[in-house]
Amino acid sequence: MSRDVRVDSRSAVHTVLVSLFFVSGFVALLYQVIWQRLLGLVTGLDLYAVTLIVAVFMFGMGAGSFGGGAVADRLPVRRLLALFALSEAVIAVFALASTWLYHDVLYGLAVQPGASSSVLAGVGAATLLIPTFFMGMTLPVLSRALAESLTAAPSRIARLYGWNTLGAAAGAWVGSAAVIRTWGYDRSLWLGAAVNLAAAATTWWLSTRMTGGADGGSRPTAGGRARPADSGATGDVWATTPAVTVEPSGPLDQGGAAWSWRTWVALYFVSGFIALGLELVWFRMLGVILKSTAFTFPLLLGFYLLGVGGGSLIGRSLAARTRRPTRWFLVAQAAVGLYAGSSVALLIWGLRTVPQLASARAYLAQYDPIDFSFNFLELETRQVALYIGGPALLILPPTLLMGISFSLLQRGVQRNWAEVGRRVAALQTANILGSTLGTILVGVVLIDRIGTSGTLQWLTAGSGLFLALAVLDRFASHGAALRGAAAAVGLAVAVGTAWAIPSAPTFWGQLHAVPESRIIHQEDGTGVAVLTSPDPFFRRRTDVYVNGLGQSTIPFDGVHSFLGLVPALLHAAPKRIAIIGLGSGDTWYSAAGRAETEVIKCVEIIGGQIQTLRELHARTGYVGLGTLFSDPRFMFTVGDGRRLVMQSEAPYDIIEADALRPSSAYSGNLYSREYFELLRDRLAPGGLAVTWVPTPRIQETFASVFPHVAEVTPMLIGSNQAIVFDPAAVRARATRPETARHYAQAGIDLEKHLADLVSTFRHVSQGLAPATVPEHLLNTDLFPRDELRAR
């Protein structure tokens, strides 16, 4: 294309740049999901590791926003577009290198014996600052480039922010349900990088076609007045922008309370804190309701971002019509918390008292989740109500208000053409830093100490700050007594709404469809552990739930007992055993039936689960549970199971992950080829690695790693040496007095399990080199196909 081509349509260029910002938001969310997954292999997926990753990601964006604002008002439009193009290019390059960095290098080092995974985790998290800095820079840079005039700036900023956030919502939904599910993590990064590079190239091309004046656009003078570039026959989109004088500084709401610019920055910091806190509350609560699967997080995040982005676009027209945008910003922010608290209180009340919600109660009481169809045309009514209706009612209204409040605040504080970029950046940085603090304080402290319902109460009450300030602004011209009384009423409304939110036993009881008398629960920052029983004294069957999903039952017996005792009886002398996942404690207990066993470690990522079992034992005296707490061989730790194995220096005779649904969130980390290779490398000579086998792909993946494989339905057992199966020897081990007594005292039918072991055992491979299996038949860290339900 010749150099004399000119960009001559201002509207068309705006549309192109907004479209590019939309797809930039799409791939940014895609990256967030993938990078968190890849880094989780190094850091683990416990509370503190995930909090670290999210906090660093957000801090990087905040720093980038601050940096973008520092330069946005000093550069001409051409250079701003070039800077946007550079940012997109840097993000693309990092995306292309990230699989090598996180999986090949950092994870490769982390699995080496003696490696300091904490140091590697810190290094990995720190590298996120590179792409997130450039992500954060893009909004203030592009906002200043497209603003054109002070009058147009708030609307243009809201438009950019709205479409970028809607792009992120699309990234959450389409990226997870289609892109990652089809391409896996590695190739999805390639696709994202291609999008970023296309955006960079397009923006760079536009910047080179801007030939107005020496700078290619207008820039503010020292006095704050915009100086247009030479507008003579240049074709520069912004070349004809007239000079824009600085409107008088100070609040736009003449006659209202005169709060300073710094006050609004501080309030938007608080807004970010509350918004992120509510996000964590909604995700915890709806994660339990939806009985958490691999797609719960992107589904809910998509609703959150849809509301914020859509609200910002709606707020453009509302802000343009209101004379007092900052007052309405305060009202909108107050309504966010009030709606969040009242909607949850109303939901719990309805589950307790409304007969028409009987079907909802029946679903909440069930053990398994409702399957989710990716073909929306095939969704049943109850699937629509559960996966779309519920999240939409709880999340969309308050997030729409969040987005509207962004537009209102931009309309209220953009008072100086020379500071448009800096003010966008300052507000965005404050909001992101507030969200970062919310990630840490709400996720690690508040939910951990006072639970989800208690945290929601405090966040709802905190929204009273915005309501009180809105009332003070409304009555600014009245006497101090009236202003104080009005503000007190506003605070009272917020506190009253918070008081209506039920306490934790009622809250979690209703979300598991049982009264408070039939629930034992523990909640901390890692998750929610719940025991329910038809008997208020828990003397009959007790169901174990983790994050809403049924895991196992008490008293012991059944598949979990079988999973635990089979490898213990097959191994000649299992001294050291590691069990990943606690559940009811059945697998952990059943693996400890041999007197030769010296240590049997159990690692569980949900910290409160062990406490529920302690309380159940205190109520019932069940011997199976009591042994877990009295026998010194049993050792328990809270954390990521794969990371525990990775950090172990001493080998194990048995390593087993308790049965885990392949569709559960992050289940792919315990069904991947790399995980099975880790088990193989951490086994003592003749040691046994055990996995439940719910899918053919898991069977193929496991068999591709171990030279010796045996099947005992429903599990596979792998080893680095021949797996000797002698039924007589197995029976002799089982009938030793201490072993028989161990299983009998817990009510485990050892004879039945022995018969099942003998009848179903078969050798799958004996000493042969694992066959080469096509990639599409395997689960890998970079493509956990079963978890993603890929074809």
# chains A, B, ... in the order shown; residues from 1 in each chain; ligands from 1
>>> closest_atom_pairs(of="stretch 73-136 of chain A", to="stretch 661-682 of chain A", cutoff="10 Å", atoms="only C-alpha atoms", output="Markdown table")
| residue | atom | partner | partner_atom | distance |
| --- | --- | --- | --- | --- |
| A:Val111 | CA | A:Leu678 | CA | 7.5 |
| A:Gln112 | CA | A:Leu678 | CA | 9.8 |
| A:Pro113 | CA | A:Arg682 | CA | 9.4 |
>>> residues_around(residues="A:Ala169", least_positions_apart="2", cutoff="8 Å", atoms="only C-alpha atoms", output="ChimeraX atom specification")
/A:26,29,165-167,171-173,301-306
>>> closest_residue(among="A:Val27, A:Leu96, A:Ala362, A:Val546", to="A:Gly583", atoms="only C-alpha atoms")
A:Val546
>>> select_by_dssp(residues="stretch 610-764 of chain A", states="helix (DSSP H, G or I)", output="MDAnalysis selection string")
chainID A and resid 610:620 623:630 641:647 667:670 673:682 696:703 727:734 737:745 750:760
>>> residues_around(residues="stretch 183-197 of chain A", least_positions_apart="4", cutoff="8 Å", atoms="only C-alpha atoms", output="list in words")
Val23, Ser24, Val27, Leu30, Tyr31, Ile34, Glu88, Ala89, Ile91, Ala92, Val93, Ala95, Leu96, Thr99, Val179, Ala201, Leu782, Phe783, Pro784 and Arg785 of chain A
>>> residues_around(residues="stretch 52-60 of chain A", least_positions_apart="6", cutoff="7 Å", atoms="only C-alpha atoms", output="PyMOL selection string")
chain A and resi 36+125+128-129+132-133+432-433+436+439
>>> residues_around(residues="A:Ala746", least_positions_apart="5", cutoff="9 Å", atoms="only C-alpha atoms", output="VMD selection string")
chain A and resid 555 to 557 622 to 625 741
>>> atom_distance(atom1="atom CA of A:Pro567", atom2="atom CA of A:Gly607")
26.4 Å
>>> residues_around(residues="A:Ala426", least_positions_apart="5", cutoff="9 Å", atoms="only C-alpha atoms", output="ChimeraX atom specification")
/A:65-66,69,265,421,431
>>> write_last_selection(atoms="N, CA, C and O atoms", output="compact mmCIF listing (two decimals), in the first residue's frame")
# COMPACT_ATOMS: atom_id res chain seq x y z
N SER A 65 -1.31 1.01 34.63
CA SER A 65 -2.25 2.12 34.50
C SER A 65 -1.61 3.43 34.98
O SER A 65 -1.74 4.48 34.33
N PHE A 66 -0.91 3.35 36.08
CA PHE A 66 -0.23 4.54 36.60
C PHE A 66 0.83 5.03 35.61
O PHE A 66 0.94 6.23 35.33
N GLY A 69 -0.78 6.63 32.54
CA GLY A 69 -1.29 7.96 32.83
C GLY A 69 -0.19 8.99 32.91
O GLY A 69 -0.39 10.17 32.59
N VAL A 265 -10.65 9.80 44.28
CA VAL A 265 -9.69 8.71 44.08
C VAL A 265 -9.77 7.72 45.24
O VAL A 265 -9.79 6.50 45.04
N GLY A 421 -5.70 11.87 30.58
CA GLY A 421 -5.03 10.59 30.73
C GLY A 421 -4.64 10.29 32.16
O GLY A 421 -4.81 9.17 32.64
N ASN A 431 -8.60 2.00 41.86
CA ASN A 431 -9.59 0.92 41.88
C ASN A 431 -8.90 -0.45 41.86
O ASN A 431 -9.30 -1.37 42.60
